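Visitor: Input structure: target_33.csv, which contains CSV, C-alpha atoms.
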```csv
chain,number,residue,atom,x,y,z
E,28,MET,CA,27.9,8.6,-11.7
E,29,ARG,CA,27.3,7.0,-8.3
E,30,LEU,CA,26.5,3.3,-8.3
E,31,ASP,CA,27.5,2.5,-4.7
E,32,ARG,CA,24.5,3.9,-3.0
E,33,GLU,CA,21.2,3.5,-4.6
E,34,LEU,CA,18.0,4.2,-2.6
E,35,ALA,CA,15.5,1.4,-2.2
E,36,CYS,CA,11.8,2.3,-2.7
E,37,GLN,CA,11.1,2.1,1.0
E,38,GLU,CA,13.8,4.6,1.8
E,39,VAL,CA,12.4,6.9,-0.9
E,40,VAL,CA,9.0,6.7,0.6
E,41,GLU,CA,10.3,7.6,4.0
E,42,LEU,CA,12.0,10.7,2.6
E,43,MET,CA,8.9,12.0,0.7
E,44,THR,CA,7.8,14.4,3.4
E,45,ALA,CA,11.3,15.8,3.7
E,46,TYR,CA,11.5,16.1,-0.1
E,47,LEU,CA,8.2,17.9,-0.3
E,48,ASP,CA,9.3,20.3,2.5
E,49,ASP,CA,12.5,20.8,0.5
E,50,VAL,CA,14.8,20.0,3.4
E,51,LEU,CA,16.8,17.1,1.9
E,52,ASP,CA,20.5,17.8,1.6
E,53,PRO,CA,21.5,18.3,-2.1
E,54,LEU,CA,23.0,14.8,-2.4
E,55,ASP,CA,20.0,13.0,-1.0
E,56,ARG,CA,17.7,15.1,-3.2
E,57,GLU,CA,19.7,14.1,-6.2
E,58,ARG,CA,19.5,10.4,-5.3
E,59,PHE,CA,15.8,10.8,-4.6
E,60,GLU,CA,15.1,12.4,-8.0
E,61,GLU,CA,17.3,9.8,-9.8
E,62,HIS,CA,15.3,7.1,-8.3
E,63,LEU,CA,12.0,8.6,-9.4
E,64,VAL,CA,13.2,8.7,-13.0
E,65,PHE,CA,13.1,4.9,-13.3
E,66,CYS,CA,10.6,3.9,-10.6
E,67,ASP,CA,6.9,4.2,-11.5
E,68,GLY,CA,5.8,2.9,-8.1
E,69,CYS,CA,7.6,5.7,-6.3
E,70,SER,CA,6.6,8.3,-8.8
E,71,ASN,CA,3.0,7.3,-8.3
E,72,TYR,CA,3.4,7.4,-4.6
E,73,LEU,CA,4.8,10.9,-4.7
E,74,GLU,CA,1.9,12.1,-6.9
E,75,GLN,CA,-0.5,10.4,-4.4
E,76,MET,CA,1.1,12.2,-1.5
E,77,ARG,CA,0.6,15.5,-3.4
E,78,ALA,CA,-3.0,14.6,-4.1
E,79,THR,CA,-3.5,13.7,-0.4
E,80,ILE,CA,-2.2,17.1,0.6
E,81,VAL,CA,-4.5,18.9,-1.9
E,82,LEU,CA,-7.5,16.9,-0.7
E,83,ALA,CA,-6.7,17.6,3.0
E,84,GLY,CA,-6.5,21.3,2.0
E,85,HIS,CA,-10.1,21.2,1.0
E,86,VAL,CA,-11.4,19.6,4.2
E,87,SER,CA,-13.3,22.0,6.3
E,88,LEU,CA,-13.2,21.9,10.1
E,89,GLU,CA,-16.1,22.9,12.3
E,90,LEU,CA,-16.3,23.5,16.0
E,91,PRO,CA,-19.1,21.6,17.7
E,92,PRO,CA,-22.0,24.1,17.9
E,93,ALA,CA,-22.4,23.8,21.6
E,94,LEU,CA,-18.7,24.7,22.1
E,95,GLU,CA,-19.0,27.6,19.7
E,96,GLU,CA,-21.9,28.8,21.8
E,97,ARG,CA,-19.9,28.5,25.0
E,98,LEU,CA,-17.0,30.4,23.5
E,99,LEU,CA,-19.3,33.2,22.4
E,100,GLU,CA,-20.7,33.5,25.9
E,101,ALA,CA,-17.2,33.6,27.3
E,102,PHE,CA,-16.4,36.4,24.8
E,103,ARG,CA,-19.5,38.4,25.7
E,104,GLY,CA,-18.7,37.9,29.4
E,105,TRP,CA,-15.2,39.3,28.9
E,106,ARG,CA,-16.4,42.2,26.8
E,107,GLY,CA,-19.0,43.1,29.4
E,108,SER,CA,-16.5,43.0,32.2
J,29,MET,CA,13.4,38.9,16.6
J,30,GLU,CA,11.0,41.6,15.4
J,31,GLN,CA,8.2,40.4,13.2
J,32,VAL,CA,5.5,42.4,11.7
J,33,LEU,CA,2.0,41.1,11.8
J,34,SER,CA,0.2,40.5,8.5
J,35,PRO,CA,-2.5,43.2,7.8
J,36,GLU,CA,-5.2,40.6,8.4
J,37,ASP,CA,-3.7,39.6,11.8
J,38,GLU,CA,-3.4,43.2,12.6
J,39,ARG,CA,-7.1,43.8,11.9
J,40,LEU,CA,-8.2,40.8,13.9
J,41,VAL,CA,-6.0,41.8,16.9
J,42,ASP,CA,-7.4,45.4,16.8
J,43,GLY,CA,-10.9,44.0,16.5
J,44,LEU,CA,-10.4,41.7,19.5
J,45,ARG,CA,-9.0,44.5,21.6
J,46,ALA,CA,-11.9,46.7,20.7
J,47,GLY,CA,-14.4,43.9,21.7
J,48,ASP,CA,-15.6,43.4,18.2
J,49,GLU,CA,-17.6,40.2,18.1
J,50,SER,CA,-17.1,39.6,14.4
J,51,ALA,CA,-13.3,39.5,14.9
J,52,PHE,CA,-13.8,37.0,17.6
J,53,VAL,CA,-16.1,34.8,15.6
J,54,ALA,CA,-13.8,34.9,12.6
J,55,LEU,CA,-10.8,33.8,14.7
J,56,MET,CA,-12.8,31.1,16.5
J,57,ARG,CA,-14.1,29.7,13.2
J,58,MET,CA,-10.7,29.8,11.6
J,59,TYR,CA,-8.7,28.2,14.4
J,60,GLY,CA,-11.1,26.9,17.1
J,61,ALA,CA,-11.5,23.3,15.7
J,62,GLY,CA,-7.7,23.1,15.1
J,63,MET,CA,-7.1,24.2,18.7
J,64,LEU,CA,-9.5,21.5,19.9
J,65,ARG,CA,-7.3,18.9,18.1
J,66,VAL,CA,-4.2,20.4,19.8
J,67,ALA,CA,-5.9,20.1,23.2
J,68,LEU,CA,-6.6,16.4,22.4
J,69,MET,CA,-2.9,15.8,22.2
J,70,TYR,CA,-2.6,16.4,26.0
J,71,VAL,CA,-5.9,15.4,27.6
J,72,SER,CA,-7.7,12.2,27.6
J,73,SER,CA,-11.3,13.1,26.8
J,74,ARG,CA,-13.2,15.2,24.4
J,75,ALA,CA,-15.1,17.0,27.2
J,76,VAL,CA,-11.9,18.0,29.0
J,77,ALA,CA,-10.4,19.2,25.6
J,78,GLU,CA,-13.4,21.4,25.1
J,79,GLU,CA,-12.9,22.9,28.6
J,80,VAL,CA,-9.3,23.5,27.7
J,81,VAL,CA,-10.2,25.3,24.5
J,82,GLN,CA,-12.6,27.5,26.4
J,83,GLU,CA,-10.0,28.2,29.1
J,84,ALA,CA,-7.5,29.0,26.4
J,85,TRP,CA,-9.8,31.5,24.7
J,86,VAL,CA,-10.4,33.2,28.0
J,87,GLY,CA,-6.6,33.4,28.3
J,88,VAL,CA,-6.4,34.8,24.7
J,89,LEU,CA,-8.9,37.6,25.6
J,90,ARG,CA,-7.1,38.4,28.8
J,91,GLY,CA,-3.7,38.5,27.0
J,92,ILE,CA,-4.6,40.2,23.7
J,93,GLY,CA,-3.8,43.6,25.2
J,94,ARG,CA,-0.3,42.5,25.8
J,95,PHE,CA,0.2,40.6,22.5
J,96,GLU,CA,3.2,42.1,20.8
J,97,GLY,CA,3.2,40.3,17.5
J,98,ARG,CA,6.6,38.6,18.0
J,99,SER,CA,5.0,35.5,16.5
J,100,SER,CA,2.1,35.3,14.1
J,101,LEU,CA,-1.4,35.5,15.7
J,102,LYS,CA,-2.2,31.8,15.0
J,103,THR,CA,1.1,30.6,16.5
J,104,TRP,CA,0.3,32.6,19.6
J,105,LEU,CA,-3.2,31.2,19.8
J,106,TYR,CA,-2.0,27.6,19.4
J,107,ARG,CA,0.8,28.1,22.0
J,108,ILE,CA,-1.8,29.2,24.5
J,109,VAL,CA,-4.0,26.2,23.9
J,110,ALA,CA,-1.1,23.8,24.0
J,111,ASN,CA,0.2,25.3,27.3
J,112,THR,CA,-3.3,25.3,28.8
J,113,ALA,CA,-3.7,21.6,27.7
J,114,LYS,CA,-0.3,20.6,29.0
J,115,THR,CA,-1.0,22.0,32.4
J,116,ARG,CA,-4.4,20.3,32.5
J,117,GLY,CA,-2.9,17.0,31.2
J,118,LEU,CA,-0.2,17.0,33.8
J,119,ARG,CA,-2.8,17.5,36.5
J,120,GLU,CA,-4.8,14.6,35.0
J,121,ALA,CA,-1.9,12.3,34.7
J,122,ARG,CA,-0.6,13.0,38.2
J,123,SER,CA,2.2,10.5,38.7
J,124,VAL,CA,2.0,8.8,35.3
J,125,PRO,CA,4.9,9.7,33.0
J,126,PHE,CA,3.6,12.2,30.6
J,127,SER,CA,4.4,12.7,26.9
J,128,ALA,CA,2.2,14.4,24.4
J,129,LEU,CA,3.7,12.3,21.6
J,130,GLY,CA,3.1,9.0,23.4
J,131,ASP,CA,4.9,6.6,21.1
J,132,GLU,CA,3.7,8.4,18.0
J,133,THR,CA,7.2,9.2,16.9
J,134,GLY,CA,8.6,5.9,18.2
J,135,ASP,CA,8.7,2.4,16.9
J,136,GLU,CA,5.6,2.3,14.8
J,137,PRO,CA,6.4,0.4,11.5
J,138,ALA,CA,7.5,2.6,8.7
J,139,ALA,CA,4.8,3.9,6.4
J,140,ASP,CA,3.2,1.2,4.2
J,141,ALA,CA,5.8,-1.3,5.5
J,142,ASP,CA,3.8,-4.3,4.2
J,143,ARG,CA,4.1,-3.0,0.6
J,144,PHE,CA,7.8,-3.7,0.3
J,145,LEU,CA,9.9,-6.8,-0.2
J,146,GLY,CA,11.5,-8.2,2.9
J,147,SER,CA,15.2,-8.6,3.7
J,148,GLY,CA,15.2,-12.2,2.5
J,149,GLU,CA,14.1,-11.2,-1.0
J,150,ARG,CA,16.3,-10.4,-4.0
J,151,PHE,CA,15.4,-6.7,-4.0
J,152,PRO,CA,14.7,-5.8,-0.3
J,153,GLY,CA,13.0,-2.5,0.3
J,154,HIS,CA,11.5,-2.4,-3.2
J,155,TRP,CA,7.8,-2.5,-3.9
J,156,SER,CA,6.1,-5.8,-3.8
J,157,VAL,CA,2.9,-4.2,-5.0
J,158,PRO,CA,3.7,-0.8,-6.6
J,159,PRO,CA,1.2,1.9,-6.3
J,160,GLN,CA,-0.9,2.4,-9.5
J,161,SER,CA,-1.7,5.9,-10.7
J,162,TRP,CA,-4.9,7.5,-9.7
J,163,ALA,CA,-7.5,9.5,-11.5
J,164,PRO,CA,-6.5,13.1,-12.2
J,165,GLU,CA,-6.8,15.4,-9.1
J,166,GLY,CA,-9.9,17.2,-10.5
J,167,GLN,CA,-11.8,13.9,-10.4
J,168,LEU,CA,-10.7,13.2,-6.9
J,169,LEU,CA,-12.1,16.3,-5.5
J,170,GLY,CA,-15.7,15.1,-4.9
J,171,GLN,CA,-17.7,15.6,-1.7
J,172,GLU,CA,-17.6,11.9,-0.9
J,173,THR,CA,-13.8,11.7,-1.2
J,174,LEU,CA,-13.3,14.8,1.0
J,175,GLU,CA,-15.6,13.3,3.6
J,176,MET,CA,-13.6,10.2,3.6
J,177,VAL,CA,-10.3,12.1,4.0
J,178,ALA,CA,-11.8,14.1,6.8
J,179,ARG,CA,-12.9,10.9,8.5
J,180,GLU,CA,-9.4,9.3,8.1
J,181,ILE,CA,-7.7,12.4,9.6
J,182,ASP,CA,-10.1,12.3,12.5
J,183,ARG,CA,-9.2,8.7,13.2
J,184,LEU,CA,-5.4,9.3,13.4
J,185,PRO,CA,-3.6,9.2,16.8
J,186,PRO,CA,-3.8,12.7,18.4
J,187,ALA,CA,-0.4,14.2,17.7
J,188,GLN,CA,-0.4,13.0,14.0
J,189,ARG,CA,-3.9,14.4,13.7
J,190,ALA,CA,-3.0,17.7,15.2
J,191,VAL,CA,0.1,18.1,12.9
J,192,ILE,CA,-1.6,17.1,9.7
J,193,THR,CA,-4.5,19.4,10.6
J,194,MET,CA,-2.2,22.4,11.1
J,195,ARG,CA,0.0,21.7,8.1
J,196,ASP,CA,-2.4,20.5,5.4
J,197,ILE,CA,-5.8,21.7,6.4
J,198,GLN,CA,-4.8,25.0,7.9
J,199,GLY,CA,-1.7,25.8,6.0
J,200,PHE,CA,0.8,26.3,8.8
J,201,THR,CA,4.5,26.1,7.8
J,202,SER,CA,6.6,23.4,9.5
J,203,GLU,CA,8.3,26.2,11.5
J,204,GLU,CA,5.0,27.5,12.7
J,205,VAL,CA,3.9,24.0,13.9
J,206,CYS,CA,7.3,23.5,15.7
J,207,ASN,CA,6.9,26.8,17.4
J,208,SER,CA,3.3,26.3,18.3
J,209,LEU,CA,3.8,22.8,19.8
J,210,ASP,CA,7.4,23.0,20.9
J,211,LEU,CA,8.2,20.1,18.6
J,212,SER,CA,11.6,19.4,17.0
J,213,GLU,CA,11.7,19.6,13.2
J,214,THR,CA,12.3,15.9,13.0
J,215,ASN,CA,9.4,14.9,15.2
J,216,GLN,CA,7.1,17.3,13.4
J,217,ARG,CA,8.1,15.7,10.1
J,218,VAL,CA,7.8,12.1,11.4
J,219,LEU,CA,4.2,12.9,12.6
J,220,LEU,CA,3.3,14.6,9.4
J,221,HIS,CA,4.7,11.8,7.3
J,222,ARG,CA,2.9,9.0,9.2
J,223,ALA,CA,-0.3,11.0,9.1
J,224,ARG,CA,-0.1,11.6,5.3
J,225,ALA,CA,0.9,8.0,4.6
J,226,LYS,CA,-2.1,6.7,6.4
J,227,VAL,CA,-4.5,9.0,4.6
J,228,ARG,CA,-2.9,8.2,1.3
J,229,SER,CA,-3.2,4.5,2.0
J,230,ALA,CA,-6.9,4.9,2.9
J,231,LEU,CA,-7.4,6.8,-0.3
J,232,GLU,CA,-5.7,4.0,-2.3
J,233,GLU,CA,-8.0,1.5,-0.8
J,234,TYR,CA,-11.0,3.7,-1.6
J,235,MET,CA,-9.9,4.2,-5.2
J,236,ARG,CA,-9.8,0.5,-5.9
```
Any chance you could give the structure as structure tokens?

Guide:
Amino acid sequence: MRLDRELACQEVVELMTAYLDDVLDPLDRERFEEHLVFCDGCSNYLEQMRATIVLAGHVSLELPPALEERLLEAFRGWRGS
Amino acid sequence: MEQVLSPEDERLVDGLRAGDESAFVALMRMYGAGMLRVALMYVSSRAVAEEVVQEAWVGVLRGIGRFEGRSSLKTWLYRIVANTAKTRGLREARSVPFSALGDETGDEPAADADRFLGSGERFPGHWSVPPQSWAPEGQLLGQETLEMVAREIDRLPPAQRAVITMRDIQGFTSEEVCNSLDLSETNQRVLLHRARAKVRSALEEYMR
């Protein structure tokens, strides 16, 4: 067991995106996961980051209609050339 | 490095080469709005960014005949818009030092910094106000919540907005974002992290 180097919540939060991308080295990942076991605040934060990602995934992006029109014109011009 | 295009990319590339308008429209609707956000990383106004996107698409159409599929189609599209925008941004900036990231990966306070105990406290770096759990995801997915998330993303600084758009809205991998925007993995992650943290924080506010 390692007691010398426990992560503080703020460090855990800063590592969350790396954790979700699975790019933490094994030791850091272990410390990270150990921390979550006893820290509800950080567990909630991680769940909320996941929820944020899911929500962003449902956002739809639209081009401004005037730009879409201009792009179509450019396409038709190219095709006709 | 040889890479084989996905069947869908292949179909779109063939369609574009053949002058098929539906292939063009499909690509434009899939990636056009994201490309606009990439352009906004490098130029100062919406109007110029729109011109950049148009110029980039003209470049795409001119170049599609020579596209070899060494990268995915979307990475190629985004590289073209990024390069077009950089050139335009440099011309705009003239002698002013130019960095697409501005200070977005620099000394901004860490995510939610005000939520942690300070160094003078007994447990520095631990939560002062821990996050409470939210409603289950299913209940979060209402139209109003999505609109709020869209608005928050729209308000982010340009590089953070472009990266979260590509990763979380459009589903790029981190490698694809790094390749498209010539970002280091670290900078890509910092931008994504800050963007997500701000949106999370706005959602937390909204849930209260």

Visitor: Using only C-alpha atoms, tabulate the residues of chain E lying at most 7 Å from any atom of chain J, each with its closest atom pair and that distance in Å to one decimal, by chain and increasing residue number, as a Markdown table.

Guide:
```
| residue | atom | partner | partner_atom | distance |
| --- | --- | --- | --- | --- |
| E:Ala35 | CA | J:Gly153 | CA | 5.3 |
| E:Cys36 | CA | J:His154 | CA | 4.7 |
| E:Gln37 | CA | J:Gly153 | CA | 5.0 |
| E:Thr44 | CA | J:His221 | CA | 5.6 |
| E:Gly68 | CA | J:Pro158 | CA | 4.5 |
| E:Asn71 | CA | J:Ser161 | CA | 5.5 |
| E:Tyr72 | CA | J:Pro159 | CA | 6.2 |
| E:Gln75 | CA | J:Arg228 | CA | 6.6 |
| E:Met76 | CA | J:Arg228 | CA | 6.3 |
| E:Ala78 | CA | J:Glu165 | CA | 6.3 |
| E:Thr79 | CA | J:Arg228 | CA | 5.8 |
| E:Ile80 | CA | J:Asp196 | CA | 5.9 |
| E:Leu82 | CA | J:Leu174 | CA | 6.4 |
| E:Ala83 | CA | J:Ile197 | CA | 5.4 |
| E:Gly84 | CA | J:Ile197 | CA | 4.5 |
| E:His85 | CA | J:Ile197 | CA | 6.9 |
| E:Val86 | CA | J:Leu174 | CA | 6.1 |
| E:Leu88 | CA | J:Ala61 | CA | 6.0 |
| E:Glu89 | CA | J:Ala61 | CA | 5.7 |
| E:Leu90 | CA | J:Ala61 | CA | 4.8 |
| E:Leu94 | CA | J:Glu78 | CA | 6.9 |
| E:Leu98 | CA | J:Gln82 | CA | 6.0 |
| E:Ala101 | CA | J:Val86 | CA | 6.8 |
| E:Arg106 | CA | J:Gly47 | CA | 5.7 |
```

Visitor: Could you write those residues out with C-alpha atoms, as an mmCIF file, in the coordinates of the input?

Guide:
```cif
data_model
loop_
_atom_site.group_PDB
_atom_site.id
_atom_site.type_symbol
_atom_site.label_atom_id
_atom_site.label_comp_id
_atom_site.auth_asym_id
_atom_site.auth_seq_id
_atom_site.Cartn_x
_atom_site.Cartn_y
_atom_site.Cartn_z
ATOM 1 C CA ALA E 35 15.500 1.400 -2.200
ATOM 2 C CA CYS E 36 11.800 2.300 -2.700
ATOM 3 C CA GLN E 37 11.100 2.100 1.000
ATOM 4 C CA THR E 44 7.800 14.400 3.400
ATOM 5 C CA GLY E 68 5.800 2.900 -8.100
ATOM 6 C CA ASN E 71 3.000 7.300 -8.300
ATOM 7 C CA TYR E 72 3.400 7.400 -4.600
ATOM 8 C CA GLN E 75 -0.500 10.400 -4.400
ATOM 9 C CA MET E 76 1.100 12.200 -1.500
ATOM 10 C CA ALA E 78 -3.000 14.600 -4.100
ATOM 11 C CA THR E 79 -3.500 13.700 -0.400
ATOM 12 C CA ILE E 80 -2.200 17.100 0.600
ATOM 13 C CA LEU E 82 -7.500 16.900 -0.700
ATOM 14 C CA ALA E 83 -6.700 17.600 3.000
ATOM 15 C CA GLY E 84 -6.500 21.300 2.000
ATOM 16 C CA HIS E 85 -10.100 21.200 1.000
ATOM 17 C CA VAL E 86 -11.400 19.600 4.200
ATOM 18 C CA LEU E 88 -13.200 21.900 10.100
ATOM 19 C CA GLU E 89 -16.100 22.900 12.300
ATOM 20 C CA LEU E 90 -16.300 23.500 16.000
ATOM 21 C CA LEU E 94 -18.700 24.700 22.100
ATOM 22 C CA LEU E 98 -17.000 30.400 23.500
ATOM 23 C CA ALA E 101 -17.200 33.600 27.300
ATOM 24 C CA ARG E 106 -16.400 42.200 26.800
#
```

Visitor: Which residues, written as a PyMOL selection string, have at least one atom at most 10 Å from E:Arg58, with all atoms listed in the file counted and residues fewer than 2 positions away on the same chain left out?

Guide: chain E and resi 29+32-34+39+53-56+60-63

Visitor: Can you write just those residues out, C-alpha atoms, as a PDB file, in the coordinates of the input?

Guide:
```pdb
ATOM      1  CA  ARG E  29      27.300   7.000  -8.300  1.00  0.00           C
ATOM      2  CA  ARG E  32      24.500   3.900  -3.000  1.00  0.00           C
ATOM      3  CA  GLU E  33      21.200   3.500  -4.600  1.00  0.00           C
ATOM      4  CA  LEU E  34      18.000   4.200  -2.600  1.00  0.00           C
ATOM      5  CA  VAL E  39      12.400   6.900  -0.900  1.00  0.00           C
ATOM      6  CA  PRO E  53      21.500  18.300  -2.100  1.00  0.00           C
ATOM      7  CA  LEU E  54      23.000  14.800  -2.400  1.00  0.00           C
ATOM      8  CA  ASP E  55      20.000  13.000  -1.000  1.00  0.00           C
ATOM      9  CA  ARG E  56      17.700  15.100  -3.200  1.00  0.00           C
ATOM     10  CA  GLU E  60      15.100  12.400  -8.000  1.00  0.00           C
ATOM     11  CA  GLU E  61      17.300   9.800  -9.800  1.00  0.00           C
ATOM     12  CA  HIS E  62      15.300   7.100  -8.300  1.00  0.00           C
ATOM     13  CA  LEU E  63      12.000   8.600  -9.400  1.00  0.00           C
TER      14      LEU E  63
END
```

Visitor: To one decimal place in Å, what is the distance between atom CA of J:Arg74 and atom CA of J:Leu211?

Guide: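 Going from atom CA of J:Arg74 over to atom CA of J:Leu211 covers 22.7 Å.
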
Visitor: Can you tell me which residues surround J:Leu33 at a distance of at most 9 Å, considering all atoms listed in the file, apart from same-chain residues fewer than 2 positions away, and format the answer as a list in words?

Guide: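 The contact residues come out as Gln31, Pro35, Glu36, Asp37, Glu38, Gly97, Arg98, Ser99, Ser100 and Leu101 of chain J.
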
Visitor: Could you work out how far atom CA of J:Ala84 lies from atom CA of J:Asn111, giving the answer in Å with one decimal?

Guide: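 That distance, rounded to one decimal, is 8.6 Å.
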
Visitor: Between J:Ile92, J:Val191, J:Val109, J:Val41, which has the minimum distance to J:Val71 (counting all atoms listed in the file)?

Guide: J:Val109

Visitor: So the first atom is atom CA of J:Gly117 and the second is atom CA of J:Pro185; what is the distance between them in Å, to one decimal place?

Guide: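 Here the two named atoms are 16.4 Å from each other.
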